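Q: File upload22.csv below, CSV, N, CA and C atoms:
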chain,number,residue,atom,x,y,z
A,229,MET,N,109.6,113.2,80.2
A,229,MET,CA,108.3,113.8,80.5
A,229,MET,C,107.3,112.9,79.9
A,230,ASP,N,106.2,112.7,80.7
A,230,ASP,CA,105.1,111.9,80.2
A,230,ASP,C,104.5,112.5,78.9
A,231,ALA,N,104.1,111.7,78.0
A,231,ALA,CA,103.6,112.1,76.7
A,231,ALA,C,102.4,113.0,76.9
A,232,ARG,N,101.5,112.7,77.9
A,232,ARG,CA,100.3,113.5,78.1
A,232,ARG,C,100.7,114.9,78.6
A,233,LEU,N,101.7,114.9,79.5
A,233,LEU,CA,102.1,116.2,80.0
A,233,LEU,C,102.7,117.1,78.9
A,234,LYS,N,103.5,116.5,78.0
A,234,LYS,CA,104.1,117.2,76.9
A,234,LYS,C,103.0,117.7,76.0
A,235,LYS,N,102.0,116.9,75.7
A,235,LYS,CA,100.8,117.3,74.9
A,235,LYS,C,100.1,118.5,75.5
A,236,CYS,N,99.8,118.4,76.8
A,236,CYS,CA,99.2,119.4,77.6
A,236,CYS,C,100.0,120.7,77.5
A,237,SER,N,101.3,120.6,77.7
A,237,SER,CA,102.1,121.7,77.7
A,237,SER,C,102.0,122.5,76.4
A,238,TRP,N,102.0,121.8,75.3
A,238,TRP,CA,101.8,122.5,74.0
A,238,TRP,C,100.4,123.2,73.9
A,239,PHE,N,99.4,122.5,74.3
A,239,PHE,CA,98.0,123.1,74.3
A,239,PHE,C,97.9,124.3,75.2
A,240,ILE,N,98.5,124.2,76.4
A,240,ILE,CA,98.4,125.3,77.3
A,240,ILE,C,99.0,126.5,76.7
A,241,HIS,N,100.2,126.4,76.2
A,241,HIS,CA,100.9,127.5,75.6
A,241,HIS,C,100.2,128.1,74.4
A,242,LEU,N,99.6,127.2,73.6
A,242,LEU,CA,98.9,127.7,72.4
A,242,LEU,C,97.6,128.4,72.8
A,243,PHE,N,96.9,127.9,73.8
A,243,PHE,CA,95.7,128.6,74.3
A,243,PHE,C,96.1,129.9,75.0
A,244,ALA,N,97.2,130.0,75.7
A,244,ALA,CA,97.6,131.2,76.3
A,244,ALA,C,97.9,132.3,75.2
A,245,ILE,N,98.5,131.9,74.1
A,245,ILE,CA,98.7,132.8,73.0
A,245,ILE,C,97.4,133.2,72.4
A,246,ALA,N,96.5,132.2,72.2
A,246,ALA,CA,95.2,132.5,71.6
A,246,ALA,C,94.4,133.5,72.5
A,247,HIS,N,94.5,133.3,73.8
A,247,HIS,CA,93.8,134.2,74.8
A,247,HIS,C,94.4,135.6,74.6
A,248,THR,N,95.7,135.7,74.5
A,248,THR,CA,96.4,137.0,74.4
A,248,THR,C,96.0,137.7,73.2
A,249,ILE,N,96.0,137.0,72.0
A,249,ILE,CA,95.7,137.6,70.8
A,249,ILE,C,94.2,138.1,70.8
A,250,SER,N,93.4,137.2,71.3
A,250,SER,CA,91.9,137.6,71.4
A,250,SER,C,91.7,138.9,72.3
A,251,SER,N,92.4,138.9,73.4
A,251,SER,CA,92.4,140.1,74.3
A,251,SER,C,92.8,141.3,73.6
A,252,LEU,N,93.9,141.2,72.8
A,252,LEU,CA,94.5,142.4,72.1
A,252,LEU,C,93.5,142.8,71.0
A,253,VAL,N,93.0,141.9,70.2
A,253,VAL,CA,92.1,142.2,69.1
A,253,VAL,C,90.8,142.8,69.7
A,254,MET,N,90.2,142.2,70.6
A,254,MET,CA,88.9,142.7,71.2
A,254,MET,C,89.1,144.1,71.8
A,255,GLY,N,90.3,144.3,72.5
A,255,GLY,CA,90.5,145.6,73.1
A,255,GLY,C,90.7,146.6,72.1
A,256,ASN,N,91.4,146.3,71.0
A,256,ASN,CA,91.6,147.3,69.9
A,256,ASN,C,90.3,147.6,69.2
A,257,LEU,N,89.4,146.7,69.2
A,257,LEU,CA,88.1,146.9,68.5
A,257,LEU,C,87.1,147.6,69.5
A,258,GLY,N,87.5,147.7,70.7
A,258,GLY,CA,86.6,148.3,71.8
A,258,GLY,C,85.5,147.4,72.2
A,259,LEU,N,85.7,146.1,72.1
A,259,LEU,CA,84.7,145.2,72.5
A,259,LEU,C,85.1,144.4,73.8
A,260,ASN,N,84.1,143.9,74.5
A,260,ASN,CA,84.4,143.2,75.7
A,260,ASN,C,84.9,141.8,75.3
A,261,ASP,N,85.9,141.3,76.0
A,261,ASP,CA,86.6,140.1,75.6
A,261,ASP,C,86.1,138.9,76.5
A,262,GLU,N,85.2,139.1,77.5
A,262,GLU,CA,84.9,138.1,78.5
A,262,GLU,C,84.3,136.8,77.8
A,263,VAL,N,83.4,137.0,76.9
A,263,VAL,CA,82.8,135.8,76.3
A,263,VAL,C,83.8,135.0,75.5
A,264,VAL,N,84.6,135.6,74.7
A,264,VAL,CA,85.7,134.9,73.9
A,264,VAL,C,86.7,134.2,74.8
A,265,LEU,N,87.1,134.9,75.9
A,265,LEU,CA,88.1,134.3,76.8
A,265,LEU,C,87.5,133.2,77.5
A,266,SER,N,86.2,133.3,77.9
A,266,SER,CA,85.6,132.2,78.6
A,266,SER,C,85.4,131.0,77.7
A,267,LEU,N,85.1,131.2,76.5
A,267,LEU,CA,85.0,130.0,75.5
A,267,LEU,C,86.3,129.4,75.3
A,268,LEU,N,87.4,130.2,75.2
A,268,LEU,CA,88.7,129.6,75.0
A,268,LEU,C,89.1,128.8,76.3
A,269,THR,N,88.8,129.4,77.5
A,269,THR,CA,89.2,128.7,78.7
A,269,THR,C,88.5,127.4,78.8
A,270,ILE,N,87.2,127.4,78.5
A,270,ILE,CA,86.4,126.1,78.6
A,270,ILE,C,87.0,125.1,77.6
A,271,SER,N,87.3,125.5,76.4
A,271,SER,CA,87.9,124.6,75.4
A,271,SER,C,89.2,124.0,75.9
A,272,MET,N,90.0,124.9,76.5
A,272,MET,CA,91.3,124.4,77.0
A,272,MET,C,91.1,123.4,78.1
A,273,ILE,N,90.2,123.7,79.1
A,273,ILE,CA,90.0,122.8,80.2
A,273,ILE,C,89.5,121.4,79.7
A,274,ILE,N,88.5,121.5,78.8
A,274,ILE,CA,88.0,120.2,78.3
A,274,ILE,C,89.0,119.4,77.5
A,275,LEU,N,89.9,120.1,76.8
A,275,LEU,CA,90.9,119.4,76.0
A,275,LEU,C,91.9,118.7,77.0
A,276,VAL,N,92.4,119.5,78.0
A,276,VAL,CA,93.3,119.0,78.9
A,276,VAL,C,92.7,117.8,79.7
A,277,THR,N,91.5,117.9,80.2
A,277,THR,CA,90.9,116.8,81.0
A,277,THR,C,90.6,115.6,80.1
A,278,HIS,N,90.4,115.9,78.8
A,278,HIS,CA,90.1,114.7,77.9
A,278,HIS,C,91.4,114.0,77.7
A,279,ILE,N,92.6,114.6,77.6
A,279,ILE,CA,93.9,114.0,77.5
A,279,ILE,C,94.1,113.0,78.6
A,280,PHE,N,93.6,113.3,79.8
A,280,PHE,CA,93.8,112.4,80.9
A,280,PHE,C,92.6,111.5,81.1
A,281,GLY,N,91.6,111.6,80.3
A,281,GLY,CA,90.5,110.7,80.3
A,281,GLY,C,89.5,110.9,81.5
A,282,LEU,N,89.4,112.2,81.9
A,282,LEU,CA,88.5,112.4,83.0
A,282,LEU,C,87.0,112.5,82.5
A,283,PRO,N,86.1,112.1,83.3
A,283,PRO,CA,84.7,112.2,82.9
A,283,PRO,C,84.2,113.6,82.6
A,284,LEU,N,83.2,113.7,81.8
A,284,LEU,CA,82.7,115.0,81.3
A,284,LEU,C,82.2,115.9,82.5
A,285,GLU,N,81.6,115.2,83.5
A,285,GLU,CA,81.1,116.1,84.6
A,285,GLU,C,82.3,116.7,85.4
A,286,VAL,N,83.4,116.0,85.5
A,286,VAL,CA,84.6,116.6,86.1
A,286,VAL,C,85.1,117.7,85.2
A,287,SER,N,85.2,117.5,83.9
A,287,SER,CA,85.6,118.5,83.0
A,287,SER,C,84.8,119.8,83.1
A,288,ALA,N,83.4,119.6,83.1
A,288,ALA,CA,82.5,120.7,83.2
A,288,ALA,C,82.7,121.5,84.5
A,289,ALA,N,82.8,120.8,85.6
A,289,ALA,CA,83.0,121.4,86.9
A,289,ALA,C,84.3,122.2,86.9
A,290,LEU,N,85.4,121.6,86.4
A,290,LEU,CA,86.7,122.4,86.4
A,290,LEU,C,86.6,123.6,85.4
A,291,ALA,N,85.9,123.4,84.3
A,291,ALA,CA,85.7,124.5,83.4
A,291,ALA,C,85.0,125.7,84.0
A,292,ALA,N,83.9,125.4,84.7
A,292,ALA,CA,83.2,126.5,85.4
A,292,ALA,C,84.0,127.1,86.5
A,293,LEU,N,84.7,126.3,87.3
A,293,LEU,CA,85.6,126.9,88.3
A,293,LEU,C,86.7,127.7,87.7
A,294,CYS,N,87.3,127.3,86.6
A,294,CYS,CA,88.4,128.0,86.0
A,294,CYS,C,87.9,129.3,85.4
A,295,CYS,N,86.7,129.3,84.9
A,295,CYS,CA,86.1,130.6,84.3
A,295,CYS,C,86.0,131.6,85.4
A,296,PHE,N,85.4,131.2,86.5
A,296,PHE,CA,85.3,132.2,87.7
A,296,PHE,C,86.7,132.6,88.2
A,297,ALA,N,87.6,131.6,88.3
A,297,ALA,CA,88.9,131.9,88.8
A,297,ALA,C,89.7,132.8,87.9
A,298,GLY,N,89.5,132.6,86.6
A,298,GLY,CA,90.2,133.4,85.6
A,298,GLY,C,89.7,134.8,85.6
A,299,PHE,N,88.4,135.0,85.8
A,299,PHE,CA,87.9,136.4,85.9
A,299,PHE,C,88.4,137.1,87.1
A,300,TYR,N,88.4,136.4,88.2
A,300,TYR,CA,88.9,136.9,89.5
A,300,TYR,C,90.4,137.2,89.4
A,301,LEU,N,91.2,136.3,89.0
A,301,LEU,CA,92.7,136.5,88.9
A,301,LEU,C,93.0,137.5,87.8
A,302,GLY,N,92.3,137.6,86.7
A,302,GLY,CA,92.5,138.6,85.7
A,302,GLY,C,92.2,140.0,86.2
A,303,THR,N,91.2,140.1,87.0
A,303,THR,CA,90.8,141.4,87.6
A,303,THR,C,91.9,141.9,88.6
A,304,ILE,N,92.3,141.0,89.5
A,304,ILE,CA,93.3,141.3,90.4
A,304,ILE,C,94.6,141.6,89.8
A,305,GLY,N,95.0,140.8,88.8
A,305,GLY,CA,96.3,141.0,88.0
A,305,GLY,C,96.3,142.3,87.3
A,306,GLY,N,95.1,142.7,86.7
A,306,GLY,CA,95.0,144.0,86.0
A,306,GLY,C,95.2,145.1,86.9
A,307,LYS,N,94.6,145.1,88.1
A,307,LYS,CA,94.7,146.1,89.1
A,307,LYS,C,96.1,146.2,89.5
A,308,TRP,N,96.8,145.1,89.8
A,308,TRP,CA,98.2,145.1,90.2
A,308,TRP,C,99.1,145.7,89.2
A,309,LEU,N,98.9,145.3,87.9
A,309,LEU,CA,99.8,145.9,86.9
A,309,LEU,C,99.6,147.4,86.7
A,310,THR,N,98.3,147.8,86.8
A,310,THR,CA,98.0,149.2,86.7
A,310,THR,C,98.6,150.0,87.8
A,311,ALA,N,98.7,149.4,89.0
A,311,ALA,CA,99.2,150.1,90.2
A,311,ALA,C,100.8,150.3,90.1
A,312,THR,N,101.4,149.5,89.2
A,312,THR,CA,102.9,149.6,89.1
A,312,THR,C,103.3,150.9,88.5
A,313,GLU,N,102.4,151.6,87.8
A,313,GLU,CA,102.6,152.9,87.1
A,313,GLU,C,103.8,152.8,86.1
A,314,VAL,N,104.0,151.6,85.6
A,314,VAL,CA,104.9,151.4,84.5
A,314,VAL,C,104.1,151.5,83.2
A,315,PRO,N,104.4,152.5,82.3
A,315,PRO,CA,103.5,152.7,81.1
A,315,PRO,C,103.3,151.5,80.3
A,316,LEU,N,104.4,150.7,80.0
A,316,LEU,CA,104.2,149.5,79.2
A,316,LEU,C,103.3,148.4,79.8
A,317,LEU,N,103.5,148.3,81.1
A,317,LEU,CA,102.6,147.3,81.8
A,317,LEU,C,101.2,147.8,81.9
A,318,ILE,N,101.0,149.1,82.0
A,318,ILE,CA,99.6,149.6,82.0
A,318,ILE,C,99.0,149.4,80.6
A,319,SER,N,99.7,149.7,79.6
A,319,SER,CA,99.2,149.6,78.2
A,319,SER,C,98.8,148.2,77.8
A,320,TYR,N,99.5,147.2,78.3
A,320,TYR,CA,99.3,145.9,77.9
A,320,TYR,C,98.9,145.0,79.1
A,321,ASN,N,98.3,145.6,80.1
A,321,ASN,CA,97.9,144.9,81.3
A,321,ASN,C,96.9,143.7,81.0
A,322,SER,N,96.0,143.9,80.2
A,322,SER,CA,95.0,142.9,79.8
A,322,SER,C,95.7,141.7,79.2
A,323,GLU,N,96.5,142.0,78.2
A,323,GLU,CA,97.2,140.9,77.5
A,323,GLU,C,98.2,140.1,78.4
A,324,ILE,N,98.9,140.8,79.2
A,324,ILE,CA,99.9,140.2,80.1
A,324,ILE,C,99.1,139.3,81.1
A,325,THR,N,98.1,139.9,81.7
A,325,THR,CA,97.3,139.2,82.7
A,325,THR,C,96.7,138.0,82.1
A,326,THR,N,96.1,138.1,80.9
A,326,THR,CA,95.4,137.1,80.3
A,326,THR,C,96.4,135.9,80.0
A,327,PHE,N,97.6,136.2,79.5
A,327,PHE,CA,98.5,135.1,79.2
A,327,PHE,C,98.9,134.4,80.5
A,328,VAL,N,99.3,135.1,81.6
A,328,VAL,CA,99.7,134.5,82.8
A,328,VAL,C,98.6,133.7,83.5
A,329,VAL,N,97.4,134.3,83.5
A,329,VAL,CA,96.3,133.5,84.1
A,329,VAL,C,95.9,132.3,83.3
A,330,THR,N,96.0,132.3,82.0
A,330,THR,CA,95.7,131.1,81.2
A,330,THR,C,96.7,130.0,81.5
A,331,GLU,N,98.0,130.4,81.6
A,331,GLU,CA,99.0,129.4,82.0
A,331,GLU,C,98.7,128.8,83.3
A,332,ILE,N,98.4,129.7,84.3
A,332,ILE,CA,98.1,129.2,85.7
A,332,ILE,C,97.0,128.2,85.7
A,333,LEU,N,95.9,128.6,85.0
A,333,LEU,CA,94.7,127.7,84.9
A,333,LEU,C,95.0,126.4,84.2
A,334,GLY,N,95.7,126.5,83.1
A,334,GLY,CA,96.0,125.3,82.4
A,334,GLY,C,96.9,124.3,83.1
A,335,TRP,N,97.9,124.8,83.8
A,335,TRP,CA,98.8,124.0,84.6
A,335,TRP,C,98.1,123.4,85.9
A,336,ALA,N,97.2,124.3,86.5
A,336,ALA,CA,96.5,123.8,87.6
A,336,ALA,C,95.5,122.7,87.2
A,337,THR,N,94.9,122.8,86.1
A,337,THR,CA,94.0,121.8,85.6
A,337,THR,C,94.8,120.5,85.3
A,338,THR,N,96.0,120.7,84.7
A,338,THR,CA,96.8,119.5,84.3
A,338,THR,C,97.2,118.8,85.6
A,339,LEU,N,97.6,119.5,86.6
A,339,LEU,CA,98.0,118.9,87.9
A,339,LEU,C,96.8,118.1,88.5
A,340,ILE,N,95.6,118.7,88.5
A,340,ILE,CA,94.5,118.1,89.1
A,340,ILE,C,94.1,116.8,88.2
A,341,ALA,N,94.1,116.9,86.9
A,341,ALA,CA,93.8,115.8,86.1
A,341,ALA,C,94.8,114.7,86.2
A,342,ALA,N,96.1,115.0,86.3
A,342,ALA,CA,97.1,114.0,86.4
A,342,ALA,C,97.0,113.2,87.7
A,343,ARG,N,96.6,113.9,88.8
A,343,ARG,CA,96.5,113.3,90.1
A,343,ARG,C,95.2,112.4,90.2
A,344,ARG,N,94.2,112.8,89.5
A,344,ARG,CA,92.9,112.0,89.5
A,344,ARG,C,93.1,110.7,88.8
A,345,LYS,N,93.9,110.6,87.9
A,345,LYS,CA,94.0,109.3,87.1
A,345,LYS,C,95.0,108.4,87.7
I'd like the structure from this file rewritten - as structure tokens, please.
A:
Amino acid sequence: MDARLKKCSWFIHLFAIAHTISSLVMGNLGLNDEVVLSLLTISMIILVTHIFGLPLEVSAALAALCCFAGFYLGTIGGKWLTATEVPLLISYNSEITTFVVTEILGWATTLIAARRK
């Protein structure tokens, strides 16, 4: 595996865990997690694109796109998990969705960045 992909893999997984913990903590405090998750997403995208040496404007565009996509995918995922009527999935739908969406966005960014270089 390419060293850059290996490094991205670690960062993506760590950011997915950070997103999940943030979602859990903010939810338990009764606070909205959108700002925290957006900041984490932007940080992940900038870090991944930096590893591949993409220009800042490309990083910024991908970060903005990923924030919108993350919100949309998170909303759809949350509705889908709630519709399953499985109590555990309903209880932790935000955390599960946040983890999965972060992984998807991180790997999509990695694929885009790897192909651009």
Q: Can you tell me which residues surround stretch 285-288 of chain A at a distance of at most 6 Å, considering only C-alpha atoms, apart from same-chain residues fewer than 3 positions away, and format the answer as an NGL selection string?
A: :A and (274 or 277 or 291)
Q: May I ask for the distance between atom CA of A:Val328 and atom CA of A:Val276, given in Å to one decimal place?
A: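 So the answer is 17.2 Å.
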Q: How many Å separate atom CA of A:Ile273 from atom N of A:His247?
A: 13.1 Å
Q: Set out as a Markdown table a contact list for stretch 263-295 of chain A and stretch 235-246 of chain A with a cut-off of 8 Å, giving each residue of stretch 263-295 of chain A that qualifies its closest atom pair and distance in Å to one decimal, counting all atoms listed in the file, ordered by chain and rising residue number.
A:
| residue | atom | partner | partner_atom | distance |
| --- | --- | --- | --- | --- |
| A:Leu265 | CA | A:Ala246 | C | 7.7 |
| A:Leu268 | C | A:Phe243 | CA | 6.9 |
| A:Thr269 | N | A:Phe243 | CA | 7.6 |
| A:Met272 | CA | A:Phe243 | CA | 6.7 |
| A:Leu275 | C | A:Cys236 | CA | 7.4 |
| A:Val276 | CA | A:Cys236 | CA | 6.1 |
| A:Ile279 | CA | A:Cys236 | N | 7.4 |
Q: Find, counting only N, CA and C atoms, the residue in A:Leu293, A:Phe280, A:Ser271, A:Thr303 that gets nearest to A:Arg232.
A: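 For A:Arg232, the nearest of the candidates is A:Phe280.
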Q: To one decimal in Å, tell me the separation between atom CA of A:Asp230 and atom CA of A:Trp335.
A: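 Between atom CA of A:Asp230 and atom CA of A:Trp335 the gap works out to 14.3 Å.
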Q: Looking at only C-alpha atoms, which of A:Ala231, A:Phe299, A:His278, A:Ala341 is the one that sits closest to A:Thr326?
A: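 The shortest atom-to-atom distance to A:Thr326 comes from A:Phe299.
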Q: Which residue is closest to A:Thr325? Choose from A:Thr248, A:Cys295, A:Leu339, A:Ile270 and count only N, CA and C atoms.
A: A:Thr248
Q: Give the answer as one residue: which of A:Leu233, A:Val264, A:Ala336, A:Ala342 has the shortest atom-to-atom distance to A:Leu252, using only C-alpha atoms?
A: A:Val264
Q: Which one is closest to A:Arg344: A:Val314, A:Val329, A:Leu282, A:Ala289? Count only N, CA and C atoms.
A: A:Leu282
Q: Using only N, CA and C atoms, find the one residue out of A:Ile249, A:Trp308, A:Phe296, A:Lys234 that sits nearest to A:Phe327.
A: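 The shortest atom-to-atom distance to A:Phe327 comes from A:Ile249.
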